[in-house]
Amino acid sequence: MDGNLILSNILNPPILFFFLGMTAVLVKSDLEIPPPIPKLLSLYLLFAIGFKGGVELIKSGITQEVILTLIAAMLMASFVPIYTFFLLRLKLNNYDAAAIAATYGSISAVTFITASTFLTELGIAFDGYMVAALALMESPAIIVGLILVNLFTEDDKREFVWSEVLQEAFLNSSVFLLVGSLVIGVLTGEHGWQVLEPFTQGLFYGILTFFLLDMGLVAARRIKDLQKTGVFLISFAILIPILNAAIGLLIAKFIDMPRGDALLFAVLSASASYIAVPAAMRLTVPEANPSLYVSTALAVTFPFNIIVGIPLYLYGINLLWR
Amino acid sequence: MDGNLILSNILNPPILFFFLGMTAVLVKSDLEIPPPIPKLLSLYLLFAIGFKGGVELIKSGITQEVILTLIAAMLMASFVPIYTFFLLRLKLNNYDAAAIAATYGSISAVTFITASTFLTELGIAFDGYMVAALALMESPAIIVGLILVNLFTEDDKREFVWSEVLQEAFLNSSVFLLVGSLVIGVLTGEHGWQVLEPFTQGLFYGILTFFLLDMGLVAARRIKDLQKTGVFLISFAILIPILNAAIGLLIAKFIDMPRGDALLFAVLSASASYIAVPAAMRLTVPEANPSLYVSTALAVTFPFNIIVGIPLYLYGINLLWR
Amino acid sequence: MDGNLILSNILNPPILFFFLGMTAVLVKSDLEIPPPIPKLLSLYLLFAIGFKGGVELIKSGITQEVILTLIAAMLMASFVPIYTFFLLRLKLNNYDAAAIAATYGSISAVTFITASTFLTELGIAFDGYMVAALALMESPAIIVGLILVNLFTEDDKREFVWSEVLQEAFLNSSVFLLVGSLVIGVLTGEHGWQVLEPFTQGLFYGILTFFLLDMGLVAARRIKDLQKTGVFLISFAILIPILNAAIGLLIAKFIDMPRGDALLFAVLSASASYIAVPAAMRLTVPEANPSLYVSTALAVTFPFNIIVGIPLYLYGINLLWR
Amino acid sequence: MHAVKKIEIIASALELPKILEGLNQSGVRGHAVIHNVTGQSLQEGREDFDMTMLDNSVYIIAFCMPEQIKPVVEHIRPLLNKFGGTCYLSDVTEIRSINCVASL
Amino acid sequence: MHAVKKIEIIASALELPKILEGLNQSGVRGHAVIHNVTGQSLQEGREDFDMTMLDNSVYIIAFCMPEQIKPVVEHIRPLLNKFGGTCYLSDVTEIRSINCVASL
Amino acid sequence: MHAVKKIEIIASALELPKILEGLNQSGVRGHAVIHNVTGQSLQEGREDFDMTMLDNSVYIIAFCMPEQIKPVVEHIRPLLNKFGGTCYLSDVTEIRSINCVASL
Ligand SMILES: Nc1ncnc2c1ncn2[C@@H]1O[C@H](COP(=O)(O)O)[C@@H](O)[C@H]1O
Ligand SMILES: Nc1ncnc2c1ncn2[C@@H]1O[C@H](COP(=O)(O)O)[C@@H](O)[C@H]1O
Ligand SMILES: Nc1ncnc2c1ncn2[C@@H]1O[C@H](COP(=O)(O)O)[C@@H](O)[C@H]1O
Ligand code: NA
Ligand code: NA
Ligand code: NA
């Protein structure tokens with residue numbers, strides 16, 4: 001059963017192109033997707049997913065389920081960095097521990113998007129407001145991470161400009177575009193949806209596929225860094241997502257989300273940020289070693305989630321939700 | 001009535017994304033659409049609008065209305081820079097006056113495109129040959145502007161290479177691509193249209209939306225320049241478009257264009273160029289201060305037209321055409 | 001008859017935009033499609049054509065026709081560089097002769113794609129596995145070219161790292177992406193096709209058109225190099241493609257390919273590589289003069305094939321196949 | 001002709017705003033920034049461009065008067081030590097023109 | 001090894017053709033152009049890229065023989081004064097190779 | 001402050017891997033690469049960008065210790081002579097920082 005799910009997941013073009021990208025690096029092909037094309041693709045994906053989410057959010061309205069889901073999202077995004085921080089301190093210094101904790105507390109939009117297309121494939125419904133959850137879960141981990149650094153490192157000359165930090169956390173381009181598109185989706189509703197549909201819907205799957213080709217290239221280039229990260233972090237990068245997904249599923253079950261939403265929530269909990277958070281950490285906790293937090297998130301957790309994780313978590317749902 | 005029009009205009013995705021772009025700059029988000037992506041989007045828009053115009057032009061044929069409209073377009077594009085020049089000289093030196101006059105004599109293709117989608121929204125028809133008018137109105141202002149500079153500045157060492165100037169005016173990339181696509185549209189007609197339709201039509205609205213997001217960023221970045229431009233120019237940048245639109249409407253009424261065409265003609269008259277003409281002025285009238293002519297066109301006139309102007313001019317039409 | 005074919009070919013948007021691009025350079029318009037946009041377009045085309053080919057290959061299955069066609073492709077790709085090498089040596093040194101021979105032994109994917117849309121236009125069917133032939137014909141010429149250099153130049157200090165050469169030949173980005181997409185097309189089949197259809201199919205014609213606009217720019221910029229190449233090479237660049245197409249057609253007739261496949265095979269035989277092979281030659285045979293092999297392929301052979309060649313070869317088929 | 005100093009800074013794209021602020025504070029008003037620079041630093045490195053901006057560097061060039069060097073060093077060195085990046089100084093001759101550094 | 005001169009010009013992208021023509025007329029055949037340079041000039045400036053090409057600068061590098069400097073200055077300075085931009089000269093050592101400046 | 005050497009190489013984008021390998025073999029670990037450089041070489045040239053990578057150049061900058069120059073020249077010159085490209089050396093002063101060349 002689980003095997004089938006994984007297979008039907010792997011045999012989708014996006015995942016296969018992700019493999020193709022990884023292969024290109026491994027066989028030393030000169031295939032590359034030059035900048036700023038990946039930027040364009042990710043802007044498109046945030047634009048499309050945000051807009052779609054807004055349009056659906058306005059249909060469903062702000063029900064109690066919505067509120068509950070969003071609260072759960074916030075809690076999860078604040079809880080994960082805290083508990084992982086203490087776990088990581090066993091092996092790492094406070095700076096690295098805090099940076100990695102923040103990375104795993106936050107989310108990966110592409111993992112979310114891949115999961116949503118997986119659900120669409122299987123004909124399992126999910127709610128548009130999950131995109132709001134996606135948006136809400138990106139920032140808290142950054143704040144929590146910095147608070148942890150402040151508490152656990154006596155470091156006088158560290159004076160964050162908190163305004164800058166909040167800026168980084170809530171106004172970085174991905175959060176901003178996602179939330180903005182969501183709001184516009186809410187404002188324009190069904191009508192706006194129809195006029196944009198060929199662009200936001202028609203191209204979506206293809207552009208995701210193309211983007212995952214690049215993700216494969218990027219992830220594979222990071223693999224060599226893993227030698228430096230060591231076994232502890234690599235296993236962390238696989239086990240913690242599973243654990244976070246499990247916690248996420250229990251919460252989802254508790255506030256009984258429908259299956260589709262539950263999967264997306266699990267995926268959000270399991271995923272790690274490899275852009276927004278690392279960029280914030282690089283500037284606010286320069287003492288931490290970027291190759292630790294970027295490479296684990298990008299070269300281990302991301303591939304794991306989109307290949308094995310998503311179907312695995314769905315399998316869990318199929319057990320729990322019957 | 002007018003209010004409703006403005007609202008129904010504002011609540012379209014393109015305009016809302018324009019606001020989103022402006023907001024991004026105001027709240028200092030790091031959202032940016034890196035080069036050459038905006039270039040790609042604008043090439044696409046010129047390609048699509050030109051091609052569509054050509055296909056429709058061949059349907060309608062070169063009727064007397066077409067001739068009249070194009071003549072009116074030429075006249076308007078030559079008249080505006082002349083009268084605005086003398087107006088501007090009251091406050092500015094001849095170099096700045098000529099440069100700004102040329103800017104407002106020319107047109108903004110994106111404003112035109114936004115107006116055309118607005119018409120499509122409202123189900124008001126317009127003719128494909130208005131695109132030919134668009135193409136014809138970009139260049140004359142550049143020539144007129146330079147003639148004015150020659151007449152009103154005794155500047156011996158200024159020797160334009162007129163061939164260069166005409167080159168700039170008639171073969172700059174936007175005019176060239178627009179006219180070229182139009183001609184190809186004429187040559188391939190309905191058949192060509194069908195094969196290109198998913199590309200030129202399907203994506204059009206979405207790419208315009210995306211492009212206006214960038215326009216919002218660009219326009220907002222220019223706002224700080226407005227301090228230097230002063231009240232006179234800022235009010236100029238709002239009042240002159242309205243005046244030009246009004247003149248345009250009277251001409252349109254006189255040669256009785258249908259409503260849709262009349263709006264587009266008014267919009268062409270009201271809009272100001274922020275790429276082709278400024279680039280030409282920078283090289284041919286370097287004495288003029290670019291931040292004067294670019295910033296007014298980009299940070300005042302462009303937003304005014306797409307947000308308030310378009311519905312306002314349509315309101316005027318609804319009054320005049322009944 | 002032939003005239004009609006040429007006309008109906010020329011009056012398609014892709015060819016007309018190719019002319020537009022050439023015109024832009026000739027009239028010195030500043031129209032340009034800045035990097036990396038052309039790269040993006042070509043990645044898309046390889047992705048789409050490869051994927052489509054794979055999907056159709058799985059439908060048809062690996063029949064005897066497929067095997068025969070692929071063998072013919074390999075032979076042709078190895079034979080052409082050998083015979084052209086000896087032809088070229090009459091006028092050129094061994095380095096230039098080998099580099100040009102390799103260029104003409106290999107293929108141009110865009111020429112192939114243009115031919116396939118031409119067939120679609122005329123409603124002539126062709127098989128998906130021709131894409132496999134396309135992929136197979138890119139590399140051999142590189143190998144053959146280098147073997148020729150080794151045999152005919154006593155040049156002790158030349159020590160190719162053959163691994164590098166094979167790398168260049170079989171893993172360069174275009175071959176890699178094409179083959180990868182083909183394999184993924186095979187793996188995902190009809191289902192994958194449906195989800196990607198709006199992206200890979202809907203946009204295909206439009207993006208090809210846009211890409212040919214850029215090809216027109218690039219080709220025209222090379223024209224001035226032709227003065228240096230001389231009459232011999234220019235006539236070579238027109239006559240050899242015709243000869244290769246003829247040979248290709250005879251082989252096609254012999255293993256009786258259907259008309260559509262025959263045209264594509266002729267086009268592959270006639271076309272010359274202006275990216276993969278020149279890049280490889282620049283590094284492995286630096287003694288050869290790039291402007292000789294790039295400019296002939298790009299400024300003569302490519303335009304000749306897409307404008308005159310394709311319909312001409314089809315005309316030949318119409319004669320032979322009745 | 002006039003003798004001026006050239007400042008070259010290579011650093012992570014993320015530091016750019018801080019560095020430019022440092023230059024401005026040092027009274028160096030003019031600068032040019034080259035983006036999308038890839039590279040390899042002394043420790044480890046990567047040649048590919050990267051979606052994760054972390055590895056993309058910027059190359060900053062600023063020409064200034066010799067007396068401005070001292071404040072620049074004071075403002076920039078702490079940034080380099082905290083965030084990484086390297087900074088180099090050299091002597092160049094400026095051609096007098098309206099916008100030239102020495103024209104102030 | 002051979003002593004040659006390095007010319008660096010930073011100017012608006014719109015001036016590029018005129019400047020390159022100036023270099024060619026001065027007998028400086030080789031040059032390299034770096035595009036999409038953002039920056040800030042002495043008066044005011046903008047860091048963002050801009051669709052309106054006006055603010056994008058180019059960074060032009062040309063290595064040449066010392067005796068070519070004089071004509072270059074004569075050709076380039078008027079352009080800088082008219083259209084803006086800055087130009088700097090410095091001394092570098094060239095590694096002899098087939099294409100090297102000194103190899104003529 | 002510390003005196004170091006600056007190496008500038010302009011060459012075809014296709015040569016980049018070979019040149020970087022040459023630098024590494026010479027013990028020069030740090031470098032920065034600027035891509036999409038257009039230009040004109042001594043013989044003939046083209047200013048436009050080009051899909052056919054052949055004409056796009058890269059501009060490579062490496063700062064290193066004076067004693068590293070000799071091996072660099074030995075490794076790079078053969079590449080320049082075989083594949084084209086030009087290489088220049090100059091003196092710069094390095095601002096001491098954690099990552100600076102001299103800090104080893
Ligand atoms: N010795 C060097 N020469 C030239 N560029 C360097 C050197 N060291 C570092 N860099 C560049 O500076 C960037 C940041 O270096 P770092 O701060 O040491 O990580 C690297 O990505 C390189 O592009
Ligand atoms: N002192 C300077 N150092 C480095 N770059 C400069 C300097 N002054 C001006 N620039 C660059 O040159 C471009 C044109 O300058 P300007 O001609 O003064 O507008 C600016 O956009 C900057 O990128
Ligand atoms: N004298 C020079 N000054 C600056 N750049 C040069 C010079 N000569 C050549 N180049 C650049 O180096 C690249 C390769 O030169 P080459 O190896 O001679 O073909 C050219 O495309 C130019 O961009
Ligand atoms: Na998470
Ligand atoms: Na106007
Ligand atoms: Na061939």
# chains A, B, ... in the order shown; residues from 1 in each chain; ligands from 1
>>> residues_around(residues="Ser12 of chain E", least_positions_apart="3", cutoff="9 Å", atoms="only C-alpha atoms", output="ChimeraX atom specification")
/E:15-16,53-59,83-85
>>> calpha_fit_and_write(fixed="chain D", moving="chain E", output="compact mmCIF listing (two decimals) with C-alpha atoms, in the first residue's frame")
# COMPACT_ATOMS: atom_id res chain seq x y z
CA MET E 1 44.49 63.70 -14.24
CA HIS E 2 44.30 63.14 -10.54
CA ALA E 3 45.43 60.38 -8.19
CA VAL E 4 42.53 58.64 -6.41
CA LYS E 5 42.00 55.35 -4.60
CA LYS E 6 40.09 52.31 -5.81
CA ILE E 7 38.23 50.16 -3.31
CA GLU E 8 37.22 46.63 -4.31
CA ILE E 9 34.98 44.55 -2.09
CA ILE E 10 33.78 41.02 -2.77
CA ALA E 11 31.18 39.70 -0.39
CA SER E 12 27.95 37.76 -0.09
CA ALA E 13 25.00 39.39 -1.84
CA LEU E 14 23.20 39.38 1.49
CA GLU E 15 25.70 41.83 2.98
CA LEU E 16 25.33 44.36 0.19
CA PRO E 17 23.00 46.79 1.97
CA LYS E 18 25.20 46.88 5.08
CA ILE E 19 28.36 47.45 3.05
CA LEU E 20 26.87 50.24 0.95
CA GLU E 21 25.64 51.88 4.12
CA GLY E 22 29.19 51.60 5.47
CA LEU E 23 30.55 53.30 2.35
CA ASN E 24 28.04 56.11 2.54
CA GLN E 25 28.79 56.67 6.20
CA SER E 26 32.48 56.93 5.27
CA GLY E 27 31.58 59.71 2.87
CA VAL E 28 32.11 57.61 -0.26
CA ARG E 29 29.06 58.57 -2.30
CA GLY E 30 29.78 56.84 -5.59
CA HIS E 31 30.01 53.13 -6.18
CA ALA E 32 29.18 50.43 -8.70
CA VAL E 33 27.90 46.95 -7.90
CA ILE E 34 28.31 43.90 -10.09
CA HIS E 35 25.80 41.18 -9.25
CA ASN E 36 25.61 37.45 -9.82
CA VAL E 37 29.28 36.88 -9.11
CA THR E 38 30.11 33.27 -8.42
CA GLY E 39 33.26 32.19 -6.73
CA GLN E 40 35.22 30.26 -4.25
CA SER E 41 36.44 31.55 -0.97
CA LEU E 42 39.49 30.50 0.96
CA GLN E 43 37.76 27.76 2.85
CA GLU E 44 35.35 25.99 0.53
CA GLY E 45 33.20 27.15 -2.31
CA ARG E 46 30.85 26.56 -5.13
CA GLU E 47 31.00 27.64 -8.74
CA ASP E 48 27.35 27.25 -9.66
CA PHE E 49 24.76 29.94 -9.33
CA ASP E 50 22.36 29.18 -6.63
CA MET E 51 18.72 29.85 -6.00
CA THR E 52 19.61 30.04 -2.34
CA MET E 53 21.22 33.47 -2.56
CA LEU E 54 23.72 32.42 0.10
CA ASP E 55 26.49 31.68 -2.35
CA ASN E 56 26.04 34.49 -4.82
CA SER E 57 28.56 37.21 -4.26
CA VAL E 58 28.61 40.83 -5.30
CA TYR E 59 31.65 42.75 -6.49
CA ILE E 60 31.61 46.35 -5.28
CA ILE E 61 33.86 49.00 -6.78
CA ALA E 62 34.23 52.47 -5.37
CA PHE E 63 36.64 55.19 -6.35
CA CYS E 64 37.36 57.80 -3.73
CA MET E 65 39.84 60.39 -2.47
CA PRO E 66 42.86 59.04 -0.55
CA GLU E 67 41.74 60.74 2.67
CA GLN E 68 38.48 58.76 2.61
CA ILE E 69 40.29 55.43 2.94
CA LYS E 70 40.73 55.58 6.68
CA PRO E 71 37.02 55.93 7.53
CA VAL E 72 36.15 53.29 4.94
CA VAL E 73 38.46 50.76 6.54
CA GLU E 74 37.00 51.54 9.95
CA HIS E 75 33.47 51.01 8.69
CA ILE E 76 34.05 48.02 6.44
CA ARG E 77 36.48 45.83 8.38
CA PRO E 78 34.00 44.97 11.16
CA LEU E 79 31.47 43.89 8.51
CA LEU E 80 34.03 41.69 6.79
CA ASN E 81 35.02 40.12 10.07
CA LYS E 82 31.44 39.47 11.03
CA PHE E 83 29.91 38.38 7.75
CA GLY E 84 32.89 37.46 5.60
CA GLY E 85 34.07 39.04 2.39
CA THR E 86 37.32 40.65 1.32
CA CYS E 87 38.36 44.23 0.58
CA TYR E 88 41.29 45.60 -1.43
CA LEU E 89 42.71 49.04 -2.10
CA SER E 90 44.78 50.32 -5.02
CA ASP E 91 45.96 53.50 -6.70
CA VAL E 92 44.43 54.75 -9.91
CA THR E 93 44.53 57.92 -11.96
CA GLU E 94 41.25 59.59 -12.63
CA ILE E 95 40.41 61.39 -15.84
CA ARG E 96 38.91 64.73 -14.91
CA SER E 97 35.23 65.01 -15.86
CA ILE E 98 32.08 66.60 -14.46
CA ASN E 99 31.28 63.60 -12.34
CA CYS E 100 34.80 62.69 -11.33
CA VAL E 101 35.63 62.03 -7.70
CA ALA E 102 38.21 64.77 -7.54
CA SER E 103 35.82 67.33 -8.94
CA LEU E 104 34.39 68.14 -5.53
>>> interface_residues(of="chain B", to="chain D", cutoff="12 Å", atoms="only C-alpha atoms", output="ChimeraX atom specification")
/B:30,34-35
>>> write_last_selection(atoms="C-alpha atoms", output="PDB file, in the first residue's frame")
ATOM      1  CA  ASP B  30      13.045  42.774  -0.683  1.00  0.00           C
ATOM      2  CA  PRO B  34      15.333  40.711 -11.439  1.00  0.00           C
ATOM      3  CA  PRO B  35      16.445  41.646 -14.945  1.00  0.00           C
TER       4      PRO B  35
END
>>> select_by_dssp(residues="chain D", states="strand (DSSP E or B)", output="NGL selection string")
:D and (2-12 or 31-40 or 45-46 or 57-64 or 86-94)
>>> select_by_dssp(residues="segment 190-290 of chain A", states="helix (DSSP H, G or I)", output="PyMOL selection string")
chain A and resi 190-202+204-223+226-254+259-270+276-284+290
>>> residues_near_ligand(ligand="ligand 5", cutoff="9 Å", atoms="only C-alpha atoms and all ligand atoms", output="PyMOL selection string")
chain B and resi 76-77+80-81+102-108+137-138+141+241+244-245+266-273
>>> atom_distance(atom1="atom CA of Leu119 of chain C", atom2="atom CA of Gln194 of chain B")
16.2 Å
>>> residues_around(residues="Gly128 of chain C", least_positions_apart="6", cutoff="6 Å", atoms="only C-alpha atoms", output="PyMOL selection string")
chain C and resi 53+56-57
>>> write_last_selection(atoms="N, CA and C atoms", output="compact mmCIF listing (two decimals), in the first residue's frame")
# COMPACT_ATOMS: atom_id res chain seq x y z
N GLY C 53 8.06 13.22 -27.37
CA GLY C 53 8.60 12.07 -28.08
C GLY C 53 8.53 10.82 -27.24
N GLU C 56 5.02 9.43 -27.01
CA GLU C 56 4.57 8.75 -28.23
C GLU C 56 5.37 7.47 -28.47
N LEU C 57 6.63 7.49 -28.07
CA LEU C 57 7.46 6.29 -28.24
C LEU C 57 6.84 5.13 -27.48
